[in-house]
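Peer 1: File work.tsv below, TSV, C-alpha atoms:
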chain	number	residue	atom	x	y	z
F	1	MET	CA	13.16	18.47	-41.06
F	2	ALA	CA	12.46	14.74	-41.05
F	3	GLY	CA	13.43	12.86	-37.90
F	4	ALA	CA	16.27	10.37	-38.04
F	5	HIS	CA	13.91	7.54	-37.15
F	6	ASP	CA	11.63	8.41	-40.06
F	7	ARG	CA	14.45	8.65	-42.61
F	8	SER	CA	16.01	5.34	-41.59
F	9	GLN	CA	12.72	3.46	-41.61
F	10	HIS	CA	11.32	4.94	-44.83
F	11	PRO	CA	14.17	5.95	-47.13
F	12	ALA	CA	12.23	6.27	-50.35
F	13	GLY	CA	8.88	7.51	-51.53
F	14	LYS	CA	6.22	9.70	-49.97
F	15	ASP	CA	3.22	7.71	-48.82
F	16	ASP	CA	0.18	9.38	-47.22
F	17	THR	CA	1.70	9.08	-43.76
F	18	THR	CA	4.95	10.73	-44.81
F	19	THR	CA	3.00	13.55	-46.46
F	20	SER	CA	0.99	13.99	-43.25
F	21	LEU	CA	4.17	14.16	-41.21
F	22	ILE	CA	5.59	16.83	-43.52
F	23	THR	CA	2.36	18.83	-43.09
F	24	LEU	CA	2.50	18.45	-39.31
F	25	ARG	CA	6.11	19.64	-39.21
F	26	ALA	CA	5.14	22.69	-41.22
F	27	ASP	CA	2.12	23.42	-39.01
F	28	PHE	CA	4.04	22.93	-35.75
F	29	PRO	CA	7.54	24.34	-36.26
F	30	ASN	CA	8.17	24.45	-32.50
F	31	PHE	CA	8.32	20.65	-32.40
F	32	ARG	CA	10.55	17.95	-33.84
F	33	ILE	CA	8.16	15.28	-35.14
F	34	TRP	CA	9.08	11.79	-36.28
F	35	ARG	CA	7.81	8.26	-36.75
F	36	GLU	CA	9.20	5.18	-35.00
F	37	ILE	CA	8.60	1.49	-35.69
F	38	THR	CA	9.62	-0.91	-32.95
F	39	THR	CA	8.64	-4.57	-32.62
F	40	GLY	CA	6.09	-4.13	-35.38
F	41	ARG	CA	4.34	-1.19	-33.73
F	42	THR	CA	4.27	2.30	-35.22
F	43	ARG	CA	4.16	5.40	-33.06
F	44	TYR	CA	4.60	9.12	-33.66
F	45	VAL	CA	6.60	11.38	-31.39
F	46	ALA	CA	6.59	15.18	-31.12
F	47	ARG	CA	9.19	16.85	-28.92
F	48	ARG	CA	9.31	20.57	-28.17
F	49	LEU	CA	12.43	22.32	-29.47
F	50	HIS	CA	12.32	25.21	-26.99
F	51	PRO	CA	10.87	25.66	-23.46
F	52	GLY	CA	7.25	26.80	-23.36
F	53	PRO	CA	3.75	26.03	-22.07
F	54	GLY	CA	1.96	22.88	-23.09
F	55	PRO	CA	3.39	19.40	-23.71
F	56	HIS	CA	7.14	18.80	-23.92
F	57	THR	CA	6.78	15.37	-25.54
F	58	VAL	CA	3.74	13.69	-27.08
F	59	VAL	CA	3.66	10.02	-28.06
F	60	THR	CA	0.72	8.42	-29.86
F	61	ASP	CA	-0.07	5.88	-32.58
F	62	ASP	CA	-2.61	8.20	-34.24
F	63	LEU	CA	-1.61	11.23	-36.32
F	64	THR	CA	-5.01	12.86	-35.78
F	65	GLU	CA	-4.55	12.53	-32.04
F	66	LEU	CA	-1.04	13.97	-32.35
F	67	ARG	CA	-2.40	17.06	-34.09
F	68	ALA	CA	-5.10	17.35	-31.42
F	69	ALA	CA	-2.54	17.20	-28.62
F	70	LEU	CA	-0.38	19.89	-30.18
F	71	GLY	CA	-3.47	21.99	-30.95
F	72	GLY	CA	-2.76	25.69	-30.87
F	73	GLU	CA	0.99	25.25	-30.42
F	74	GLY	CA	1.74	25.78	-34.10
F	75	ALA	CA	0.49	27.69	-37.09
F	76	GLN	CA	-3.03	27.71	-38.51
F	77	ALA	CA	-4.79	24.40	-39.00
F	78	PRO	CA	-5.09	23.27	-42.63
F	79	ALA	CA	-7.85	25.02	-44.56
F	80	GLY	CA	-11.23	23.33	-44.31
F	81	THR	CA	-10.42	21.47	-41.09
F	82	THR	CA	-11.61	21.97	-37.51
F	83	PRO	CA	-9.02	21.67	-34.71
F	84	ALA	CA	-9.61	18.67	-32.46
F	85	PHE	CA	-9.29	21.01	-29.49
F	86	ASP	CA	-9.15	24.75	-29.23
F	87	VAL	CA	-6.75	26.34	-26.74
F	88	THR	CA	-8.83	29.51	-26.83
F	89	ARG	CA	-11.63	27.60	-25.06
F	90	PRO	CA	-11.34	26.27	-21.50
F	91	ASN	CA	-10.82	22.53	-21.11
F	92	ILE	CA	-11.95	20.46	-18.11
F	93	ALA	CA	-8.68	18.59	-17.67
F	94	ARG	CA	-6.52	21.71	-18.04
F	95	ILE	CA	-8.66	23.77	-15.63
F	96	TYR	CA	-8.30	21.05	-12.99
F	97	ASN	CA	-4.57	20.83	-13.70
F	98	TYR	CA	-4.22	24.57	-13.10
F	99	ILE	CA	-6.29	24.48	-9.91
F	100	ILE	CA	-4.18	21.73	-8.33
F	101	GLY	CA	-0.96	23.52	-9.23
F	102	GLY	CA	0.00	21.76	-12.49
F	103	LYS	CA	1.67	23.33	-15.51
F	104	ASP	CA	-0.31	21.98	-18.46
F	105	HIS	CA	-2.81	24.77	-19.14
F	106	HIS	CA	-3.43	27.79	-21.35
F	107	ALA	CA	-4.74	31.32	-20.89
F	108	ALA	CA	-8.39	30.32	-21.43
F	109	ASP	CA	-8.10	27.65	-18.74
F	110	ARG	CA	-6.46	30.01	-16.27
F	111	GLN	CA	-9.09	32.66	-16.93
F	112	ALA	CA	-11.93	30.19	-16.29
F	113	ALA	CA	-10.27	28.87	-13.13
F	114	ASP	CA	-9.46	32.34	-11.82
F	115	SER	CA	-13.09	33.37	-12.26
F	116	ILE	CA	-13.91	30.67	-9.70
F	117	LEU	CA	-10.95	31.14	-7.37
F	118	ALA	CA	-11.38	34.92	-7.12
F	119	ASP	CA	-14.33	34.53	-4.76
F	120	PHE	CA	-13.95	30.89	-3.78
F	121	PRO	CA	-10.22	30.25	-3.20
F	122	GLU	CA	-11.01	27.16	-1.12
F	123	VAL	CA	-11.86	25.34	-4.38
F	124	ALA	CA	-8.13	24.87	-4.94
F	125	GLN	CA	-7.69	23.33	-1.50
F	126	VAL	CA	-10.67	21.03	-2.01
F	127	ALA	CA	-9.34	19.95	-5.42
F	128	ARG	CA	-5.94	19.13	-3.96
F	129	ALA	CA	-7.66	17.29	-1.10
F	130	ASN	CA	-9.46	15.18	-3.69
F	131	ARG	CA	-6.17	14.31	-5.35
F	132	ASP	CA	-4.75	13.26	-1.96
F	133	PHE	CA	-7.88	11.18	-1.31
F	134	VAL	CA	-7.32	9.27	-4.55
F	135	THR	CA	-3.75	8.51	-3.49
F	136	ARG	CA	-4.75	7.31	-0.01
F	137	ALA	CA	-7.68	5.27	-1.33
F	138	THR	CA	-5.56	3.63	-4.04
F	139	HIS	CA	-2.90	2.75	-1.48
F	140	TYR	CA	-5.52	1.21	0.79
F	141	VAL	CA	-7.06	-0.89	-1.98
F	142	ALA	CA	-3.63	-2.12	-3.09
F	143	THR	CA	-2.90	-3.24	0.47
F	144	GLN	CA	-6.06	-5.37	0.28
F	145	GLY	CA	-4.51	-7.48	-2.48
F	146	ILE	CA	-6.06	-5.75	-5.50
F	147	THR	CA	-3.57	-5.61	-8.37
F	148	GLN	CA	-5.86	-4.29	-11.14
F	149	PHE	CA	-7.05	-0.69	-11.42
F	150	ILE	CA	-9.13	1.15	-14.02
F	151	ASP	CA	-8.96	4.95	-13.68
F	152	VAL	CA	-11.95	6.30	-15.61
F	153	GLY	CA	-11.80	9.96	-16.60
F	154	ALA	CA	-8.16	9.99	-15.58
F	155	GLY	CA	-7.41	13.57	-16.68
F	156	LEU	CA	-3.94	15.00	-17.17
F	157	PRO	CA	-1.15	13.11	-15.37
F	158	ALA	CA	-0.48	14.18	-11.77
F	159	GLU	CA	2.07	13.02	-9.22
F	160	PRO	CA	1.81	10.51	-7.75
F	161	ALA	CA	-0.11	8.74	-10.50
F	162	VAL	CA	-2.39	5.83	-9.63
F	163	HIS	CA	0.05	3.23	-10.95
F	164	GLN	CA	2.91	4.77	-8.98
F	165	THR	CA	0.91	4.56	-5.75
F	166	ALA	CA	-0.31	1.01	-6.38
F	167	GLN	CA	3.04	-0.33	-7.56
F	168	ARG	CA	4.77	0.97	-4.45
F	169	VAL	CA	2.59	-1.50	-2.56
F	170	ASP	CA	2.93	-4.30	-5.11
F	171	PRO	CA	5.05	-3.95	-8.29
F	172	ALA	CA	2.70	-6.44	-9.97
F	173	CYS	CA	-0.16	-3.89	-9.96
F	174	ARG	CA	-1.57	-3.01	-13.38
F	175	VAL	CA	-3.45	0.17	-14.27
F	176	ALA	CA	-5.60	1.16	-17.25
F	177	TYR	CA	-6.10	4.92	-17.66
F	178	VAL	CA	-9.26	5.87	-19.56
F	179	ASP	CA	-10.32	9.23	-20.99
F	180	ASN	CA	-12.15	10.63	-24.01
F	181	ASP	CA	-10.07	13.81	-24.39
F	182	PRO	CA	-7.47	13.50	-27.21
F	183	LEU	CA	-5.17	15.88	-25.36
F	184	VAL	CA	-5.33	13.81	-22.18
F	185	LEU	CA	-4.72	10.58	-24.10
F	186	ALA	CA	-1.63	11.95	-25.82
F	187	TYR	CA	-0.18	13.36	-22.58
F	188	ALA	CA	-0.94	10.13	-20.73
F	189	ARG	CA	0.75	7.97	-23.36
F	190	ALA	CA	3.83	10.15	-23.19
F	191	VAL	CA	4.04	10.36	-19.39
F	192	LEU	CA	2.22	7.35	-17.94
F	193	ALA	CA	2.57	4.50	-20.40
F	194	ALA	CA	6.35	4.42	-20.34
F	195	GLY	CA	6.51	1.82	-17.60
F	196	PRO	CA	5.31	-1.78	-17.25
F	197	GLY	CA	1.80	-2.65	-16.23
F	198	VAL	CA	0.22	0.51	-17.65
F	199	VAL	CA	-2.07	1.08	-20.62
F	200	VAL	CA	-3.87	4.21	-21.84
F	201	VAL	CA	-7.14	3.67	-23.70
F	202	PRO	CA	-9.76	5.99	-25.21
F	203	GLY	CA	-13.23	5.72	-23.73
F	204	ASP	CA	-16.26	7.74	-22.63
F	205	MET	CA	-17.35	7.02	-19.07
F	206	ARG	CA	-20.97	7.27	-20.21
F	207	HIS	CA	-20.39	3.98	-22.07
F	208	PRO	CA	-18.88	1.55	-19.53
F	209	ALA	CA	-19.49	-1.53	-21.68
F	210	GLY	CA	-17.41	-0.05	-24.48
F	211	ILE	CA	-14.57	0.79	-22.10
F	212	LEU	CA	-14.51	-2.68	-20.56
F	213	ALA	CA	-14.51	-4.31	-24.01
F	214	THR	CA	-11.51	-2.33	-25.28
F	215	PRO	CA	-8.90	-4.86	-26.51
F	216	ASP	CA	-5.91	-3.04	-25.00
F	217	LEU	CA	-7.65	-2.91	-21.63
F	218	ARG	CA	-8.60	-6.58	-21.77
F	219	LEU	CA	-5.01	-7.55	-22.54
F	220	LEU	CA	-3.94	-6.01	-19.23
F	221	ILE	CA	-7.00	-6.36	-16.99
F	222	ASP	CA	-8.77	-9.65	-16.23
F	223	LEU	CA	-12.37	-8.70	-15.47
F	224	ASN	CA	-13.04	-12.17	-14.08
F	225	GLN	CA	-10.79	-11.24	-11.17
F	226	PRO	CA	-11.26	-8.45	-8.59
F	227	VAL	CA	-10.53	-4.98	-9.92
F	228	CYS	CA	-10.69	-1.43	-8.58
F	229	ILE	CA	-12.70	1.13	-10.57
F	230	LEU	CA	-11.86	4.79	-9.96
F	231	LEU	CA	-14.40	7.52	-10.75
F	232	ALA	CA	-12.71	10.43	-9.01
F	233	SER	CA	-14.15	13.92	-9.30
F	234	VAL	CA	-15.64	13.28	-12.74
F	235	LEU	CA	-19.26	12.26	-12.23
F	236	HIS	CA	-20.41	15.85	-11.53
F	237	PHE	CA	-19.63	16.57	-15.19
F	238	LEU	CA	-22.51	14.29	-16.20
F	239	THR	CA	-26.25	14.76	-15.93
F	240	PRO	CA	-27.80	12.96	-12.93
F	241	ALA	CA	-29.23	10.21	-15.14
F	242	GLU	CA	-25.88	9.69	-16.90
F	243	ALA	CA	-23.92	9.60	-13.66
F	244	ASP	CA	-26.27	7.11	-12.02
F	245	ALA	CA	-26.27	4.83	-15.08
F	246	THR	CA	-22.48	5.01	-15.36
F	247	VAL	CA	-21.88	3.96	-11.76
F	248	ALA	CA	-24.54	1.24	-11.90
F	249	ALA	CA	-22.98	-0.30	-15.01
F	250	PHE	CA	-19.46	-0.36	-13.59
F	251	ARG	CA	-20.75	-1.67	-10.27
F	252	ALA	CA	-22.61	-4.50	-12.03
F	253	ALA	CA	-19.53	-5.44	-14.06
F	254	MET	CA	-17.30	-5.70	-10.97
F	255	THR	CA	-16.66	-9.25	-9.80
F	256	PRO	CA	-17.08	-9.93	-6.04
F	257	GLY	CA	-14.09	-8.72	-4.08
F	258	SER	CA	-13.72	-5.66	-6.32
F	259	TYR	CA	-13.58	-2.05	-5.12
F	260	LEU	CA	-15.08	1.25	-6.23
F	261	ILE	CA	-13.33	4.55	-5.45
F	262	ALA	CA	-15.62	7.49	-6.21
F	263	SER	CA	-15.78	11.18	-5.32
F	264	ALA	CA	-17.85	14.09	-6.57
F	265	GLY	CA	-18.84	17.63	-5.78
F	266	THR	CA	-21.99	17.77	-3.68
F	267	SER	CA	-24.69	20.40	-3.40
F	268	THR	CA	-25.07	19.47	0.26
F	269	GLY	CA	-23.16	22.15	2.14
F	270	THR	CA	-21.81	23.81	-1.00
F	271	SER	CA	-22.62	27.46	-1.66
F	272	PRO	CA	-25.29	27.85	-4.39
F	273	ALA	CA	-23.33	30.88	-5.58
F	274	LEU	CA	-20.30	28.65	-6.16
F	275	LEU	CA	-22.37	26.19	-8.19
F	276	ASP	CA	-23.57	29.10	-10.35
F	277	ARG	CA	-19.99	30.27	-10.79
F	278	LEU	CA	-18.87	26.79	-11.77
F	279	ARG	CA	-21.61	26.49	-14.37
F	280	SER	CA	-20.62	29.84	-15.79
F	281	ALA	CA	-16.92	28.96	-15.94
F	282	TYR	CA	-17.59	25.62	-17.66
F	283	ALA	CA	-20.32	26.96	-19.98
F	284	GLY	CA	-19.95	25.46	-23.42
F	285	THR	CA	-17.47	22.92	-22.09
F	286	SER	CA	-19.41	20.60	-19.80
F	287	ASP	CA	-22.44	20.21	-17.58
F	288	ILE	CA	-21.97	20.85	-13.87
F	289	THR	CA	-24.31	18.94	-11.59
F	290	GLY	CA	-24.33	19.22	-7.81
F	291	ARG	CA	-25.74	16.03	-6.27
F	292	THR	CA	-26.93	15.71	-2.71
F	293	SER	CA	-24.93	13.54	-0.33
F	294	GLU	CA	-27.83	11.08	-0.29
F	295	GLU	CA	-27.73	10.77	-4.08
F	296	ILE	CA	-23.99	10.18	-4.04
F	297	ALA	CA	-24.43	7.57	-1.29
F	298	ASP	CA	-26.77	5.67	-3.64
F	299	TRP	CA	-23.81	5.02	-5.96
F	300	PHE	CA	-22.45	2.64	-3.33
F	301	THR	CA	-25.65	0.60	-3.03
F	302	GLY	CA	-24.78	-3.07	-2.51
F	303	LEU	CA	-21.18	-2.33	-1.57
F	304	ASP	CA	-19.57	-2.51	1.86
F	305	LEU	CA	-18.20	0.95	2.67
F	306	VAL	CA	-14.68	1.07	4.03
F	307	PRO	CA	-14.61	3.17	7.25
F	308	PRO	CA	-15.09	6.09	7.66
F	309	GLY	CA	-17.65	5.73	4.85
F	310	LEU	CA	-18.84	8.61	2.68
F	311	VAL	CA	-17.16	11.78	3.96
F	312	ASP	CA	-15.42	14.94	2.80
F	313	VAL	CA	-12.39	13.78	0.83
F	314	ASP	CA	-9.93	15.39	3.24
F	315	ALA	CA	-11.53	13.43	6.10
F	316	TRP	CA	-11.10	9.99	4.51
F	317	ARG	CA	-8.28	8.44	6.57
F	318	PRO	CA	-6.27	11.67	6.60
F	319	GLY	CA	-2.58	11.62	7.35
F	320	SER	CA	-2.88	14.88	9.31
F	321	PRO	CA	-5.69	16.83	10.98
F	322	ARG	CA	-8.02	18.97	8.88
F	323	ARG	CA	-6.96	22.61	8.83
F	324	TRP	CA	-9.91	24.65	7.61
F	325	LEU	CA	-9.82	28.15	9.10
F	326	THR	CA	-13.47	28.71	8.17
F	327	PRO	CA	-16.14	26.29	6.90
F	328	PRO	CA	-15.50	25.87	3.14
F	329	ALA	CA	-18.09	26.91	0.56
F	330	ALA	CA	-17.05	23.93	-1.57
F	331	ARG	CA	-17.37	20.23	-0.81
F	332	ILE	CA	-16.19	17.10	-2.58
F	333	ILE	CA	-17.18	13.91	-0.83
F	334	GLY	CA	-15.94	10.41	-1.52
F	335	ALA	CA	-15.86	6.83	-0.37
F	336	VAL	CA	-14.38	3.42	-1.04
F	337	GLY	CA	-16.74	0.48	-1.39
F	338	CYS	CA	-16.07	-3.24	-1.71
F	339	LYS	CA	-18.37	-5.64	-3.54
F	340	PRO	CA	-19.12	-8.48	-1.10
F	341	GLY	CA	-17.76	-11.90	-1.99
F	342	ARG	CA	-14.42	-13.57	-2.42
F	343	SER	CA	-11.26	-12.11	-1.00
F	344	ALA	CA	-8.92	-10.41	-3.45
F	345	THR	CA	-5.93	-11.93	-1.67
F	346	ASP	CA	-7.26	-15.42	-2.52
F	347	THR	CA	-7.97	-14.68	-6.19
F	348	ARG	CA	-5.11	-12.51	-7.34
F	349	PRO	CA	-4.42	-12.71	-11.09
F	350	PRO	CA	-1.30	-14.72	-11.93
F	351	LEU	CA	1.87	-12.79	-12.65
F	352	PRO	CA	3.00	-12.70	-16.30
F	353	ARG	CA	5.30	-15.56	-17.16
F	354	ARG	CA	8.97	-14.74	-17.43
F	355	ARG	CA	11.31	-16.49	-19.81
F	356	PRO	CA	13.89	-18.49	-17.83
F	357	ALA	CA	17.44	-17.21	-17.93
F	358	PRO	CA	19.78	-19.29	-20.12
F	359	ARG	CA	22.00	-21.73	-18.29
F	360	ALA	CA	25.72	-21.10	-18.22
F	361	SER	CA	27.57	-23.55	-20.43
Now that the file is in, can you turn its structure into structure tokens?
Peer 2:
Amino acid sequence: MAGAHDRSQHPAGKDDTTTSLITLRADFPNFRIWREITTGRTRYVARRLHPGPGPHTVVTDDLTELRAALGGEGAQAPAGTTPAFDVTRPNIARIYNYIIGGKDHHAADRQAADSILADFPEVAQVARANRDFVTRATHYVATQGITQFIDVGAGLPAEPAVHQTAQRVDPACRVAYVDNDPLVLAYARAVLAAGPGVVVVPGDMRHPAGILATPDLRLLIDLNQPVCILLASVLHFLTPAEADATVAAFRAAMTPGSYLIASAGTSTGTSPALLDRLRSAYAGTSDITGRTSEEIADWFTGLDLVPPGLVDVDAWRPGSPRRWLTPPAARIIGAVGCKPGRSATDTRPPLPRRRPAPRAS
């Protein structure tokens, strides 16, 4: 059934978009799907009709991305096409979401995660510690006067999101979420981009120049002013050469006074058996690379490390004492580095202009 928005905006004729919407509705009967046009911008919305796993609402301006986000939620994909993502295969973002206690995952993701957690349950605690590290680090950077954040490899939305943390310090903070997973992009647009000062853009972290040149990002983020780049628990999904080149490119693009928040799994102190298990669980999905602590420290070359420096993520300015009963077999280490130069508090981007309120007659 056509959505009310679609009928009112397009009362006659069946253009290619309308035909595509009819096909989507047939392929995904568990969702109400419609098109909206507001202030000259077209977007497509899919909303689940009944409770179930997966997304409740998906908002995107791309019909292909909408189909990708809904994925295996409906009937068979049209003949001769390949699904943009396959819920029968594990997905990096959904595995992580399951491990930290989220709800946006499928059986294949749970099976892959459980194959890790069965013998290494501390992985869940380390993953949650990494999420808490991101929150504390973002809060710290915002208190230093930084009002621009770029979260690269953002993954599925988690509470509190980066923009929520930053905007609690300063409502003027602006955040660009970047990912190359169509599912993540659709979820993020539905959940994260509803408020002011937030944009969601597609981009592969292996191509920093392309990310930083994205028009939507440049409309929100002024790269001539200090910015905070987040690369949290994503670089171990790249080969060593890719990870090093990625960090170096972002670091070079940062203006003085900018910050880098980065964390990654390390082979230093991590059980080799766990690394083997991780590679097995992610086989066919992504590379898994364990870097030494020295190699991860090199990512912060030329930056001033904020105390306590490069440490286990749960030890970076913790709000409560560490509570490991036994030494963990898994380690994620992280740090916050500042590019020497001007102070962010002296070079804050100007606030958007507001139209003056009309005078009372």
Peer 1: Give me, please, the distance in Å between atom CA of Val134 of chain F and atom CA of Ile332 of chain F, quoted to one decimal.
Peer 2: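 We find that atom CA of Val134 of chain F and atom CA of Ile332 of chain F lie 12.0 Å from each other.
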Peer 1: Which residues, written as a list of chain:residue names, have at least one atom at most 7 Å from segment 303-314 of chain F, with all atoms listed in the file counted and residues fewer than 6 positions away on the same chain left out?
Peer 2: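 Near neighbours after the sequence-gap exclusion: F:Ala129, F:Asn130, F:Phe133, F:Ala297, F:Arg322, F:Arg331, F:Ile332, F:Ile333, F:Gly334, F:Ala335, F:Val336, F:Gly337, F:Cys338, F:Lys339, F:Pro340.
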Peer 1: Point out the residue among F:Gly153, F:Pro160, F:Pro256, F:Gly302 with the least atom-to-atom distance to Asn180 of chain F, counting all atoms listed in the file.
Peer 2: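 Closest residue, counting all atoms listed in the file: F:Gly153.
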Peer 1: Would you kindly return, as a ChimeraX atom specification, each protein, DNA or RNA residue with an atom no farther than 7 Å from any atom of Asp287 of chain F, considering only C-alpha atoms and excluding same-chain residues fewer than 4 positions away?
Peer 2: /F:237-239
Peer 1: Write a file of the selected residues as an mmCIF file, in the frame of the given file, keeping C-alpha atoms.
Peer 2:
data_model
loop_
_atom_site.group_PDB
_atom_site.id
_atom_site.type_symbol
_atom_site.label_atom_id
_atom_site.label_comp_id
_atom_site.auth_asym_id
_atom_site.auth_seq_id
_atom_site.Cartn_x
_atom_site.Cartn_y
_atom_site.Cartn_z
ATOM 1 C CA PHE F 237 -19.630 16.570 -15.190
ATOM 2 C CA LEU F 238 -22.510 14.290 -16.200
ATOM 3 C CA THR F 239 -26.250 14.760 -15.930
#
Peer 1: Hey, which of F:Ala329, F:Pro157, F:Pro226, F:Glu65 ends up closest to Leu192 of chain F? Count only C-alpha atoms.
Peer 2: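 Residue with the minimum atom-to-atom distance to Leu192 of chain F: F:Pro157.
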Peer 1: Restricting the calculation to only C-alpha atoms: of F:Val178, F:Ala315, F:Leu156, F:Val126, which residue gets closest to Gly265 of chain F?
Peer 2: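 Among the listed residues, F:Val126 lies closest to Gly265 of chain F.
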Peer 1: Measure the distance from atom CA of Leu235 of chain F to atom CA of Ala264 of chain F in Å and round it to one decimal.
Peer 2: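 If I compute the distance from atom CA of Leu235 of chain F to atom CA of Ala264 of chain F, I get 6.1 Å.
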Peer 1: I need every residue sitting at most 10 Å from the point (2.0, -1.0, -21.3) (coordinates as in the file, all atoms listed in the file considered), written as a list in words.
Peer 2: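 So the residues meeting the distance criterion are Arg174, Val175, Ala176, Arg189, Leu192, Ala193, Ala194, Gly195, Pro196, Gly197, Val198, Val199, Val200, Asp216, Leu217, Leu219 and Leu220 of chain F.
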Peer 1: Kindly provide, as a PyMOL selection string, the polymer residues lying within 12 Å of (-12.5, -9.3, -19.0), counting only C-alpha atoms and using the coordinates exactly as they appear in the file.
Peer 2: chain F and resi 148+209-227+253-255+349
